[in-house]
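Text of input-v4.txt (compact mmCIF, C-alpha atoms) as supplied:
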```txt
# COMPACT_ATOMS: atom_id res chain seq x y z
CA MET A 1 34.81 11.22 3.41
CA HIS A 2 35.01 13.92 0.74
CA GLN A 3 36.52 11.40 -1.66
CA THR A 4 33.53 9.06 -1.13
CA GLU A 5 31.11 11.96 -1.63
CA ASP A 6 32.88 12.98 -4.84
CA GLU A 7 33.04 9.40 -6.15
CA TYR A 8 29.36 8.87 -5.33
CA ALA A 9 28.34 12.09 -7.10
CA GLN A 10 30.46 11.16 -10.14
CA THR A 11 29.01 7.62 -10.18
CA LEU A 12 25.43 8.89 -10.12
CA GLN A 13 26.19 11.40 -12.85
CA TYR A 14 27.69 8.61 -14.97
CA LEU A 15 24.60 6.44 -14.46
CA TYR A 16 22.17 9.28 -15.19
CA ASP A 17 24.10 10.30 -18.30
CA ARG A 18 24.76 6.77 -19.54
CA LEU A 19 21.46 4.99 -18.89
CA PRO A 20 17.93 5.88 -20.00
CA MET A 21 15.83 6.57 -16.91
CA PHE A 22 12.04 6.21 -17.15
CA GLN A 23 11.36 8.84 -14.49
CA ARG A 24 13.25 11.38 -16.57
CA VAL A 25 12.57 10.49 -20.20
CA GLY A 26 9.49 8.26 -20.11
CA SER A 27 8.75 5.39 -22.48
CA ALA A 28 12.09 5.74 -24.33
CA ALA A 29 13.64 4.07 -21.25
CA TYR A 30 11.15 1.18 -21.14
CA ARG A 31 12.61 -2.18 -22.11
CA ASN A 32 10.04 -4.78 -23.17
CA ASP A 33 12.06 -7.90 -22.44
CA LEU A 34 14.16 -9.39 -19.62
CA ASN A 35 17.27 -10.19 -21.70
CA ARG A 36 19.59 -7.57 -20.22
CA ILE A 37 18.64 -8.10 -16.57
CA ARG A 38 19.03 -11.87 -17.03
CA ALA A 39 22.47 -11.37 -18.58
CA MET A 40 23.47 -9.14 -15.65
CA ALA A 41 22.20 -11.75 -13.19
CA VAL A 42 24.33 -14.42 -14.90
CA HIS A 43 27.36 -12.11 -14.77
CA LEU A 44 26.84 -11.64 -11.01
CA GLY A 45 26.29 -15.34 -10.27
CA HIS A 46 22.49 -15.18 -9.86
CA PRO A 47 22.12 -13.07 -6.69
CA GLU A 48 18.33 -13.17 -7.13
CA LYS A 49 18.38 -16.86 -6.12
CA LYS A 50 20.18 -16.19 -2.83
CA PHE A 51 17.39 -14.60 -0.76
CA VAL A 52 13.70 -15.12 0.02
CA SER A 53 11.52 -12.47 -1.62
CA ILE A 54 8.02 -11.01 -1.67
CA HIS A 55 7.06 -9.49 -5.07
CA ILE A 56 4.58 -6.61 -5.25
CA ALA A 57 2.91 -5.07 -8.31
CA GLY A 58 -0.16 -2.88 -8.89
CA THR A 59 -1.15 0.53 -10.18
CA ASN A 60 -1.55 2.27 -6.82
CA GLY A 61 -0.63 1.36 -3.27
CA LYS A 62 2.31 -0.92 -4.05
CA GLY A 63 4.77 1.46 -2.39
CA SER A 64 2.71 1.73 0.80
CA VAL A 65 2.11 -2.05 0.89
CA SER A 66 5.84 -2.74 0.33
CA HIS A 67 6.88 -0.44 3.15
CA MET A 68 4.19 -1.76 5.54
CA LEU A 69 5.26 -5.37 4.95
CA ALA A 70 8.95 -4.47 5.34
CA SER A 71 8.17 -2.70 8.62
CA ILE A 72 6.27 -5.75 9.93
CA PHE A 73 9.09 -8.11 8.93
CA GLN A 74 11.59 -5.84 10.71
CA ALA A 75 9.39 -5.79 13.83
CA SER A 76 9.32 -9.61 13.69
CA GLY A 77 13.13 -9.64 13.95
CA ARG A 78 13.90 -10.44 10.31
CA LYS A 79 16.79 -8.84 8.45
CA THR A 80 14.72 -7.13 5.75
CA GLY A 81 15.70 -5.82 2.33
CA LEU A 82 13.43 -3.35 0.53
CA TYR A 83 13.58 -2.34 -3.14
CA THR A 84 11.27 0.47 -4.33
CA SER A 85 11.20 3.22 -6.94
CA PRO A 86 11.42 6.04 -7.80
CA HIS A 87 13.40 7.94 -5.18
CA LEU A 88 12.40 11.39 -3.95
CA LYS A 89 15.63 12.93 -2.61
CA ASP A 90 18.45 10.40 -2.78
CA PHE A 91 19.04 7.53 -5.20
CA ARG A 92 19.84 5.28 -2.22
CA GLU A 93 16.20 5.40 -1.02
CA ARG A 94 15.54 2.69 -3.63
CA ILE A 95 17.63 0.04 -1.86
CA ARG A 96 17.37 -0.39 1.91
CA MET A 97 18.09 -2.92 4.58
CA ASN A 98 16.19 -2.64 7.87
CA GLY A 99 15.26 0.89 6.82
CA GLN A 100 18.86 2.02 6.26
CA MET A 101 19.80 3.17 2.78
CA ILE A 102 22.48 1.31 0.84
CA SER A 103 25.90 2.90 1.45
CA LYS A 104 27.47 5.32 -1.01
CA GLU A 105 30.58 3.12 -1.05
CA TYR A 106 28.53 0.11 -2.17
CA VAL A 107 26.86 2.11 -4.98
CA VAL A 108 30.29 3.25 -6.22
CA GLU A 109 31.83 -0.22 -5.98
CA MET A 110 28.85 -1.98 -7.58
CA SER A 111 28.74 0.49 -10.46
CA ARG A 112 32.41 -0.27 -11.09
CA ARG A 113 31.65 -4.01 -11.12
CA LEU A 114 28.79 -3.52 -13.56
CA ARG A 115 30.49 -1.00 -15.82
CA GLU A 116 31.43 -3.60 -18.42
CA ASP A 117 27.79 -4.73 -18.54
CA LEU A 118 26.70 -1.11 -18.82
CA GLU A 119 28.91 -0.60 -21.87
CA GLN A 120 28.02 -3.90 -23.58
CA LEU A 121 24.37 -4.52 -22.68
CA GLU A 122 23.21 -0.88 -22.45
CA PRO A 123 20.65 -1.61 -19.72
CA SER A 124 18.14 0.97 -18.55
CA PHE A 125 18.76 2.85 -15.31
CA PHE A 126 16.04 0.70 -13.69
CA GLU A 127 17.64 -2.58 -14.81
CA MET A 128 20.95 -1.47 -13.38
CA THR A 129 19.40 -0.55 -10.00
CA VAL A 130 17.56 -3.90 -9.83
CA ALA A 131 20.83 -5.78 -10.43
CA MET A 132 22.52 -3.67 -7.75
CA ALA A 133 19.67 -4.29 -5.27
CA TYR A 134 19.67 -8.05 -5.80
CA GLN A 135 23.43 -8.25 -5.33
CA TYR A 136 23.19 -6.11 -2.18
CA PHE A 137 20.48 -8.32 -0.66
CA ALA A 138 22.53 -11.41 -1.45
CA ASP A 139 25.71 -9.89 0.04
CA GLN A 140 23.84 -8.78 3.17
CA MET A 141 22.24 -12.24 3.52
CA VAL A 142 18.81 -10.75 4.22
CA ASP A 143 16.11 -13.02 5.68
CA VAL A 144 13.55 -11.56 3.28
CA ALA A 145 13.50 -8.88 0.58
CA VAL A 146 10.35 -6.96 -0.32
CA VAL A 147 10.58 -6.09 -4.02
CA GLU A 148 8.28 -3.55 -5.67
CA THR A 149 7.92 -3.67 -9.45
CA GLY A 150 8.49 -0.60 -11.58
CA LEU A 151 5.54 0.09 -13.87
CA GLY A 152 4.48 -3.33 -15.12
CA GLY A 153 4.96 -6.90 -14.03
CA ARG A 154 5.48 -9.45 -16.77
CA LEU A 155 8.41 -7.60 -18.40
CA ASP A 156 9.49 -5.64 -15.33
CA ALA A 157 13.20 -6.00 -14.58
CA THR A 158 12.40 -7.15 -11.03
CA ASN A 159 10.55 -10.19 -12.45
CA ILE A 160 13.48 -12.64 -12.39
CA ILE A 161 12.87 -13.61 -8.75
CA GLN A 162 10.96 -16.67 -7.56
CA PRO A 163 9.08 -15.13 -4.60
CA ALA A 164 7.53 -16.83 -1.59
CA ILE A 165 4.32 -14.94 -2.38
CA SER A 166 3.18 -12.46 -5.04
CA VAL A 167 0.99 -9.45 -4.30
CA ILE A 168 -0.97 -7.23 -6.72
CA THR A 169 -2.61 -4.23 -5.08
CA ASN A 170 -5.11 -3.00 -7.71
CA ILE A 171 -5.49 -2.05 -11.35
CA SER A 172 -6.20 1.44 -12.64
CA TRP A 173 -5.40 3.57 -15.69
CA ASP A 174 -1.69 4.30 -15.93
CA HIS A 175 0.99 3.80 -18.59
CA ALA A 176 -1.68 2.58 -21.04
CA ASP A 177 0.74 3.31 -23.91
CA LEU A 178 3.05 0.60 -22.56
CA LEU A 179 0.78 -1.79 -20.68
CA GLY A 180 -2.32 -1.85 -22.88
CA PRO A 181 -5.44 0.23 -23.62
CA THR A 182 -7.92 -1.59 -21.32
CA LEU A 183 -7.96 -2.51 -17.63
CA PRO A 184 -7.88 -6.26 -18.43
CA ASP A 185 -4.81 -5.62 -20.64
CA ILE A 186 -3.09 -3.78 -17.78
CA ALA A 187 -4.14 -6.54 -15.35
CA ARG A 188 -2.61 -9.18 -17.64
CA GLU A 189 0.74 -7.35 -17.59
CA LYS A 190 0.66 -7.06 -13.78
CA ALA A 191 -0.40 -10.74 -13.53
CA GLY A 192 2.95 -11.56 -15.16
CA ILE A 193 4.46 -11.69 -11.64
CA ILE A 194 2.29 -14.71 -10.77
CA LYS A 195 4.60 -17.76 -10.64
CA ALA A 196 3.82 -21.47 -10.79
CA ASP A 197 2.69 -22.84 -7.42
CA VAL A 198 3.37 -19.49 -5.67
CA PRO A 199 0.36 -18.03 -3.78
CA ILE A 200 -1.01 -14.70 -5.04
CA VAL A 201 -2.85 -12.03 -3.04
CA VAL A 202 -4.79 -9.46 -5.08
CA GLY A 203 -5.79 -6.47 -2.96
CA GLU A 204 -8.92 -5.34 -4.69
CA PHE A 205 -11.60 -7.43 -6.37
CA GLN A 206 -12.62 -5.56 -9.53
CA GLU A 207 -15.27 -7.03 -11.86
CA GLU A 208 -13.29 -6.07 -14.95
CA THR A 209 -9.93 -7.51 -13.92
CA ALA A 210 -10.74 -10.42 -11.58
CA PRO A 211 -11.26 -12.94 -14.45
CA VAL A 212 -7.74 -12.19 -15.70
CA PHE A 213 -6.21 -12.97 -12.30
CA GLN A 214 -8.36 -16.08 -11.90
CA GLN A 215 -7.34 -17.39 -15.31
CA VAL A 216 -3.59 -16.79 -14.81
CA ALA A 217 -3.70 -18.22 -11.26
CA ASN A 218 -5.42 -21.37 -12.59
CA GLU A 219 -2.85 -21.75 -15.37
CA LYS A 220 -0.02 -21.41 -12.82
CA ARG A 221 -1.70 -23.55 -10.13
CA SER A 222 -1.35 -20.57 -7.79
CA LEU A 223 -3.63 -20.20 -4.78
CA LEU A 224 -5.43 -16.87 -5.36
CA GLN A 225 -7.14 -14.76 -2.76
CA PHE A 226 -8.69 -11.30 -2.95
CA ALA A 227 -7.92 -9.28 0.19
CA SER A 228 -11.12 -7.24 -0.18
CA HIS A 229 -13.19 -10.45 0.15
CA LYS A 230 -11.63 -11.16 3.53
CA PHE A 231 -10.61 -7.92 5.26
CA HIS A 232 -12.36 -4.59 5.62
CA LEU A 233 -10.99 -1.61 7.54
CA ASN A 234 -13.02 1.24 8.98
CA GLY A 235 -11.29 4.47 9.93
CA ILE A 236 -12.36 5.28 13.49
CA GLY A 237 -10.34 8.39 14.23
CA GLU A 238 -7.10 10.30 14.03
CA HIS A 239 -4.33 10.00 16.59
CA GLU A 240 -1.27 12.24 16.88
CA ASP A 241 0.80 9.28 15.64
CA GLY A 242 -1.44 8.23 12.74
CA THR A 243 -4.89 6.88 11.87
CA LEU A 244 -6.85 4.43 14.00
CA TRP A 245 -8.61 1.56 12.24
CA GLU A 246 -11.16 -1.09 13.09
CA VAL A 247 -10.22 -4.38 11.41
CA VAL A 248 -13.10 -6.56 10.22
CA ARG A 249 -12.33 -10.08 8.98
CA LEU A 250 -15.18 -11.93 7.25
CA GLY A 251 -17.72 -9.70 8.98
CA LYS A 252 -16.24 -10.02 12.48
CA ILE A 253 -14.26 -7.28 14.26
CA ILE A 254 -10.84 -8.73 15.14
CA GLU A 255 -8.90 -5.59 16.04
CA HIS A 256 -10.08 -2.31 17.52
CA PRO A 257 -8.18 -0.05 17.26
CA LEU A 258 -5.19 -0.70 14.98
CA LEU A 259 -2.80 2.25 14.61
CA CYS A 260 -1.00 2.95 11.32
CA ASP A 261 1.28 5.96 10.96
CA LEU A 262 0.55 6.24 7.22
CA ARG A 263 -2.37 8.64 7.15
CA GLY A 264 -5.08 8.80 4.52
CA HIS A 265 -8.43 7.08 4.12
CA TYR A 266 -7.08 5.39 0.98
CA GLN A 267 -4.75 3.27 3.14
CA ALA A 268 -7.77 1.08 4.06
CA LYS A 269 -7.33 -1.03 0.90
CA ASN A 270 -3.57 -1.22 1.37
CA LEU A 271 -3.95 -2.38 4.98
CA ALA A 272 -6.41 -5.08 3.90
CA THR A 273 -3.85 -6.25 1.32
CA VAL A 274 -1.07 -6.33 3.93
CA LEU A 275 -3.16 -8.24 6.50
CA SER A 276 -4.23 -10.76 3.86
CA THR A 277 -0.58 -11.27 2.84
CA ILE A 278 0.53 -11.77 6.45
CA GLU A 279 -2.28 -14.30 6.96
CA ALA A 280 -1.20 -16.18 3.81
CA LEU A 281 2.45 -16.25 4.98
CA ARG A 282 1.40 -17.55 8.39
CA GLY A 283 -0.46 -20.31 6.56
CA MET A 284 2.86 -21.18 4.89
CA GLY A 285 4.56 -21.51 8.27
CA TRP A 286 5.99 -18.00 8.70
CA GLU A 287 6.08 -16.88 12.33
CA ILE A 288 4.73 -13.33 12.50
CA SER A 289 3.15 -12.34 15.80
CA ASP A 290 0.20 -9.97 16.23
CA ASP A 291 2.56 -7.72 18.20
CA ALA A 292 4.95 -7.55 15.21
CA VAL A 293 2.03 -6.57 12.94
CA ARG A 294 0.89 -3.84 15.36
CA GLU A 295 4.40 -2.52 15.96
CA GLY A 296 5.29 -2.62 12.27
CA LEU A 297 2.17 -0.73 11.14
CA ALA A 298 2.51 1.87 13.90
CA GLN A 299 5.97 2.94 12.69
CA VAL A 300 6.18 2.38 8.95
CA GLN A 301 7.78 5.75 8.23
CA LYS A 302 10.25 5.53 11.09
CA SER A 303 11.38 1.99 10.33
CA THR A 304 11.48 2.18 6.51
CA GLY A 305 12.01 5.87 5.69
CA LEU A 306 8.87 6.09 3.53
CA MET A 307 8.04 9.62 2.35
CA GLY A 308 5.41 11.28 0.19
CA ARG A 309 2.19 9.52 1.26
CA TRP A 310 -0.17 12.14 2.75
CA MET A 311 2.99 13.67 4.21
CA VAL A 312 2.27 16.57 6.56
CA LEU A 313 4.92 19.26 6.01
CA GLY A 314 3.36 22.06 8.05
CA HIS A 315 0.48 23.35 10.16
CA SER A 316 -1.41 26.68 10.17
CA PRO A 317 -1.88 26.45 7.25
CA MET A 318 -1.87 22.67 6.89
CA VAL A 319 0.60 21.65 4.15
CA VAL A 320 0.38 18.09 2.80
CA ALA A 321 2.44 16.46 0.02
CA ASP A 322 1.31 13.31 -1.79
CA THR A 323 2.90 11.56 -4.77
CA ALA A 324 -0.49 10.63 -6.34
CA HIS A 325 -0.04 10.89 -10.12
CA ASN A 326 -2.73 8.82 -11.87
CA GLU A 327 -6.50 8.71 -11.94
CA ALA A 328 -7.09 6.32 -9.04
CA GLY A 329 -4.38 7.86 -6.86
CA ILE A 330 -5.58 11.43 -7.37
CA LYS A 331 -9.20 10.37 -6.80
CA ALA A 332 -8.19 8.86 -3.43
CA VAL A 333 -6.21 11.94 -2.39
CA MET A 334 -9.07 14.30 -3.32
CA GLU A 335 -11.43 12.16 -1.23
CA GLN A 336 -9.02 12.59 1.70
CA VAL A 337 -8.93 16.36 1.10
CA ARG A 338 -12.75 16.42 1.23
CA ARG A 339 -12.60 14.74 4.63
CA SER A 340 -10.26 17.45 5.96
CA GLU A 341 -11.35 20.67 7.63
CA TYR A 342 -10.14 23.93 6.13
CA GLN A 343 -11.32 27.35 5.01
CA LYS A 344 -9.79 27.57 1.52
CA LEU A 345 -7.91 25.05 -0.61
CA HIS A 346 -4.62 25.83 -2.40
CA ILE A 347 -3.14 23.23 -4.76
CA VAL A 348 0.50 23.24 -5.91
CA TRP A 349 0.50 21.10 -9.06
CA SER A 350 2.93 19.66 -11.58
CA MET A 351 2.57 16.75 -14.02
CA VAL A 352 4.58 14.81 -16.55
CA SER A 353 3.83 15.12 -20.24
CA ASP A 354 3.01 11.47 -20.99
CA LYS A 355 0.04 11.15 -18.60
CA ASP A 356 -3.54 11.04 -19.87
CA ARG A 357 -4.60 14.29 -18.23
CA SER A 358 -8.16 14.37 -19.62
CA ARG A 359 -9.44 12.06 -16.87
CA ILE A 360 -7.49 13.80 -14.13
CA TRP A 361 -8.67 17.40 -14.59
CA LYS A 362 -12.23 16.23 -13.92
CA LEU A 363 -11.21 14.97 -10.47
CA LEU A 364 -9.86 18.31 -9.26
CA PRO A 365 -12.04 20.76 -7.29
CA LYS A 366 -13.04 23.95 -9.10
CA ASN A 367 -13.16 26.01 -5.90
CA ALA A 368 -9.42 25.71 -5.20
CA SER A 369 -6.63 28.15 -6.10
CA TYR A 370 -3.98 26.49 -8.28
CA TYR A 371 -0.23 27.12 -8.46
CA PHE A 372 1.22 25.38 -11.52
CA ALA A 373 4.92 24.62 -11.99
CA ARG A 374 7.02 22.45 -14.26
CA ALA A 375 8.44 19.31 -12.65
CA ASP A 376 12.22 19.44 -12.87
CA VAL A 377 12.66 16.44 -15.21
CA PRO A 378 12.74 16.27 -19.03
CA ARG A 379 9.22 14.76 -18.96
CA GLY A 380 7.92 17.71 -16.91
CA LEU A 381 5.00 19.55 -18.50
CA ASP A 382 5.35 23.29 -19.10
CA ALA A 383 3.65 25.32 -16.34
CA ASP A 384 1.85 27.67 -18.76
CA LEU A 385 0.52 24.72 -20.74
CA LEU A 386 -0.72 23.14 -17.49
CA ARG A 387 -2.45 26.39 -16.54
CA LEU A 388 -4.13 26.78 -19.94
CA GLU A 389 -5.36 23.17 -19.92
CA ALA A 390 -6.65 23.58 -16.39
CA GLU A 391 -8.43 26.83 -17.27
CA SER A 392 -10.23 25.09 -20.12
CA GLU A 393 -11.59 22.69 -17.44
CA GLY A 394 -12.72 25.56 -15.19
CA LEU A 395 -9.75 25.47 -12.80
CA ARG A 396 -8.17 28.84 -12.00
CA GLY A 397 -4.58 29.53 -11.07
CA SER A 398 -1.17 30.96 -11.93
CA SER A 399 2.00 29.43 -13.33
CA PHE A 400 5.43 29.67 -11.71
CA ALA A 401 9.03 29.10 -12.76
CA SER A 402 9.62 26.43 -10.08
CA LEU A 403 7.79 24.30 -7.54
CA ALA A 404 9.52 26.19 -4.73
CA GLN A 405 8.13 29.48 -6.08
CA ALA A 406 4.68 27.95 -6.50
CA LEU A 407 4.67 26.73 -2.90
CA GLY A 408 5.99 30.09 -1.70
CA ALA A 409 3.12 31.87 -3.44
CA ALA A 410 0.59 29.44 -1.96
CA GLN A 411 1.99 29.94 1.54
CA GLN A 412 1.87 33.70 1.10
CA ALA A 413 -1.76 33.61 -0.07
CA ALA A 414 -2.98 31.11 2.54
CA ASP A 415 -4.54 31.97 5.89
CA PRO A 416 -3.77 29.80 8.95
CA GLU A 417 -7.10 27.94 8.55
CA ASP A 418 -6.39 27.08 4.90
CA PHE A 419 -5.07 23.85 3.36
CA ILE A 420 -2.18 23.53 0.87
CA LEU A 421 -1.86 20.30 -1.14
CA ILE A 422 1.27 19.51 -3.18
CA SER A 423 0.56 16.74 -5.71
CA GLY A 424 0.14 15.69 -9.36
CA SER A 425 3.34 13.72 -9.76
CA THR A 426 6.14 12.11 -7.80
CA PHE A 427 8.26 15.07 -8.89
CA SER A 428 5.89 17.59 -7.30
CA VAL A 429 6.86 16.09 -3.95
CA ALA A 430 10.52 15.48 -4.87
CA GLY A 431 10.85 19.11 -6.02
CA ILE A 432 9.61 20.39 -2.67
CA LEU A 433 11.55 17.96 -0.50
```
File written out as structure tokens:
Amino acid sequence: MHQTEDEYAQTLQYLYDRLPMFQRVGSAAYRNDLNRIRAMAVHLGHPEKKFVSIHIAGTNGKGSVSHMLASIFQASGRKTGLYTSPHLKDFRERIRMNGQMISKEYVVEMSRRLREDLEQLEPSFFEMTVAMAYQYFADQMVDVAVVETGLGGRLDATNIIQPAISVITNISWDHADLLGPTLPDIAREKAGIIKADVPIVVGEFQEETAPVFQQVANEKRSLLQFASHKFHLNGIGEHEDGTLWEVVRLGKIIEHPLLCDLRGHYQAKNLATVLSTIEALRGMGWEISDDAVREGLAQVQKSTGLMGRWMVLGHSPMVVADTAHNEAGIKAVMEQVRRSEYQKLHIVWSMVSDKDRSRIWKLLPKNASYYFARADVPRGLDADLLRLEAESEGLRGSSFASLAQALGAAQQAADPEDFILISGSTFSVAGIL
């Protein structure tokens, strides 16, 4: 056992040292073509052609949608692969089958198999993990694999699959330096996952981006539907196991109540996207019962291991962690905070240096106490710099040497009726977990 642990640790260290990783170093790790991943796929005998897949892109919500769909497929009795990124605690969170993380032995063995490619092709960390995931799903003979893109679509390493259906959740400002300066530019990059004659579900109809999706869908002869035109969900209450929703389809209530264990008002759009996708798959002959949908949505976290979405870490005071890290995500989380009951708000905050922070500061409440820390990655922004920027926007707080110290200070300052939010980047949550 110790030998496996040691080999696994050494393998990860080799991969981290050898391959540029976007989460750590930012745009230096971004590869704007599919040459290396295609070469790796050839080397492995095209594993991406050996399983049925669902491909999911979008600025926000793609992680939640991926996990919800995977949970529903599992509840329907399908052997389900799930590829997502980034991980919060363990690299193996990225590659799962029926909720179980890929084994350490497989990671070690696969890295050995790919080492020649790593030396010759110099892929990014993300490209290597995609190749590993596709080989794993092929080896495990999954019935379906849910594949979440990294940050784009068209040039994303995941985009060598021919999915049964493509899903794009929404478009917001993020990675504009890589994906384009306008929302239609970003939409066009995400629309790169739309394949010829493959249906496409877009979660949110947005005036600015809809024409892009309509144009690409027409060019590809892909049946396009906007989930928000069909489904609407109303939050009707909280349950100890999650949030209760009323499901409205084309103006008619079809489900009351529907329980989803992923909390947060912002899940309404994600649920509409999921229900629209399930409906489209049923139209293609997939057997997915209403019971499987209900069961899957009621236990997303339990069946897939999802973490970091309005994740309650404590009570009295309430402590919630959320990986929101861009304008739309943070806006949604702050709306959820406003819906919560508390006496005083404490916010533990870290960010990465390559985000456009000017839009984000304006979304944060001025009446909260802030605890700034540097995220423990090379891209992490200095805590004092964060504090000074925040102060110039009228936000008051202190800076700390680590996220753990920042949270400790917040917990010490908070009364039982207060609320502590940990957010700002994926690494804010990863640092605490």
Considering only C-alpha atoms, give me a table of residues in stretch 181-261 of chain A that are at most 9 Å from stretch 162-172 of chain A, with the closest atom pair and distance in Å for each, as a tab-separated table.
```
residue	atom	partner	partner_atom	distance
A:Leu183	CA	A:Ser172	CA	6.6
A:Pro184	CA	A:Ile171	CA	8.6
A:Ile186	CA	A:Ile171	CA	7.1
A:Ala187	CA	A:Ile171	CA	6.2
A:Lys190	CA	A:Ile168	CA	7.2
A:Ala191	CA	A:Ile168	CA	7.7
A:Ile193	CA	A:Ser166	CA	6.8
A:Ile194	CA	A:Ser166	CA	6.2
A:Lys195	CA	A:Gln162	CA	7.2
A:Val198	CA	A:Ile165	CA	5.7
A:Pro199	CA	A:Ile165	CA	5.2
A:Ile200	CA	A:Ser166	CA	4.8
A:Val201	CA	A:Val167	CA	4.8
A:Val202	CA	A:Ile168	CA	4.7
A:Gly203	CA	A:Thr169	CA	4.4
A:Glu204	CA	A:Asn170	CA	5.4
A:Phe205	CA	A:Asn170	CA	8.0
A:Gln206	CA	A:Asn170	CA	8.1
A:Thr209	CA	A:Ile171	CA	7.5
```
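The interatomic distance for the pair atom CA of A:Ile347 and atom CA of A:Tyr370 works out to 4.9 Å.
With distances restricted to all atoms listed in the file, A:Met97 is the closest residue to A:Asp143 from A:Ala390, A:Val300, A:Met97, A:Met68.
Here atom CA of A:Val312 and atom CA of A:Asp90 stand 19.7 Å from one another.
If you look at atom CA of A:Ala157 and atom CA of A:Glu127, they are 5.6 Å away from each other.
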Can you complete the atoms of stretch 267-284 of chain A to N, CA and C atoms and list them as a CSV table (one decimal), keeping the file's coordinate frame?
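Output (out.csv):
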```csv
chain,number,residue,atom,x,y,z
A,267,GLN,N,-5.6,4.4,2.7
A,267,GLN,CA,-4.8,3.3,3.1
A,267,GLN,C,-5.6,2.1,3.6
A,268,ALA,N,-6.9,2.2,3.6
A,268,ALA,CA,-7.8,1.1,4.1
A,268,ALA,C,-7.5,-0.1,3.2
A,269,LYS,N,-7.5,0.1,1.8
A,269,LYS,CA,-7.3,-1.0,0.9
A,269,LYS,C,-5.9,-1.6,1.0
A,270,ASN,N,-4.9,-0.7,1.2
A,270,ASN,CA,-3.6,-1.2,1.4
A,270,ASN,C,-3.4,-2.1,2.6
A,271,LEU,N,-4.0,-1.6,3.7
A,271,LEU,CA,-4.0,-2.4,5.0
A,271,LEU,C,-4.6,-3.7,4.8
A,272,ALA,N,-5.7,-3.8,4.1
A,272,ALA,CA,-6.4,-5.1,3.9
A,272,ALA,C,-5.5,-6.0,3.1
A,273,THR,N,-4.8,-5.5,2.1
A,273,THR,CA,-3.8,-6.2,1.3
A,273,THR,C,-2.7,-6.8,2.2
A,274,VAL,N,-2.2,-5.9,3.0
A,274,VAL,CA,-1.1,-6.3,3.9
A,274,VAL,C,-1.5,-7.4,4.9
A,275,LEU,N,-2.7,-7.3,5.5
A,275,LEU,CA,-3.2,-8.2,6.5
A,275,LEU,C,-3.5,-9.6,5.8
A,276,SER,N,-4.0,-9.5,4.6
A,276,SER,CA,-4.2,-10.8,3.9
A,276,SER,C,-2.9,-11.5,3.5
A,277,THR,N,-1.9,-10.7,3.2
A,277,THR,CA,-0.6,-11.3,2.8
A,277,THR,C,0.0,-11.9,4.1
A,278,ILE,N,0.0,-11.2,5.2
A,278,ILE,CA,0.5,-11.8,6.4
A,278,ILE,C,-0.2,-13.1,6.8
A,279,GLU,N,-1.5,-13.1,6.7
A,279,GLU,CA,-2.3,-14.3,7.0
A,279,GLU,C,-1.8,-15.5,6.1
A,280,ALA,N,-1.6,-15.2,4.8
A,280,ALA,CA,-1.2,-16.2,3.8
A,280,ALA,C,0.2,-16.7,4.2
A,281,LEU,N,1.1,-15.8,4.6
A,281,LEU,CA,2.4,-16.2,5.0
A,281,LEU,C,2.4,-17.1,6.2
A,282,ARG,N,1.5,-16.7,7.2
A,282,ARG,CA,1.4,-17.6,8.4
A,282,ARG,C,0.9,-19.0,8.0
A,283,GLY,N,0.0,-19.0,7.0
A,283,GLY,CA,-0.5,-20.3,6.6
A,283,GLY,C,0.6,-21.2,5.9
A,284,MET,N,1.7,-20.5,5.5
A,284,MET,CA,2.9,-21.2,4.9
A,284,MET,C,3.9,-21.5,5.9
```
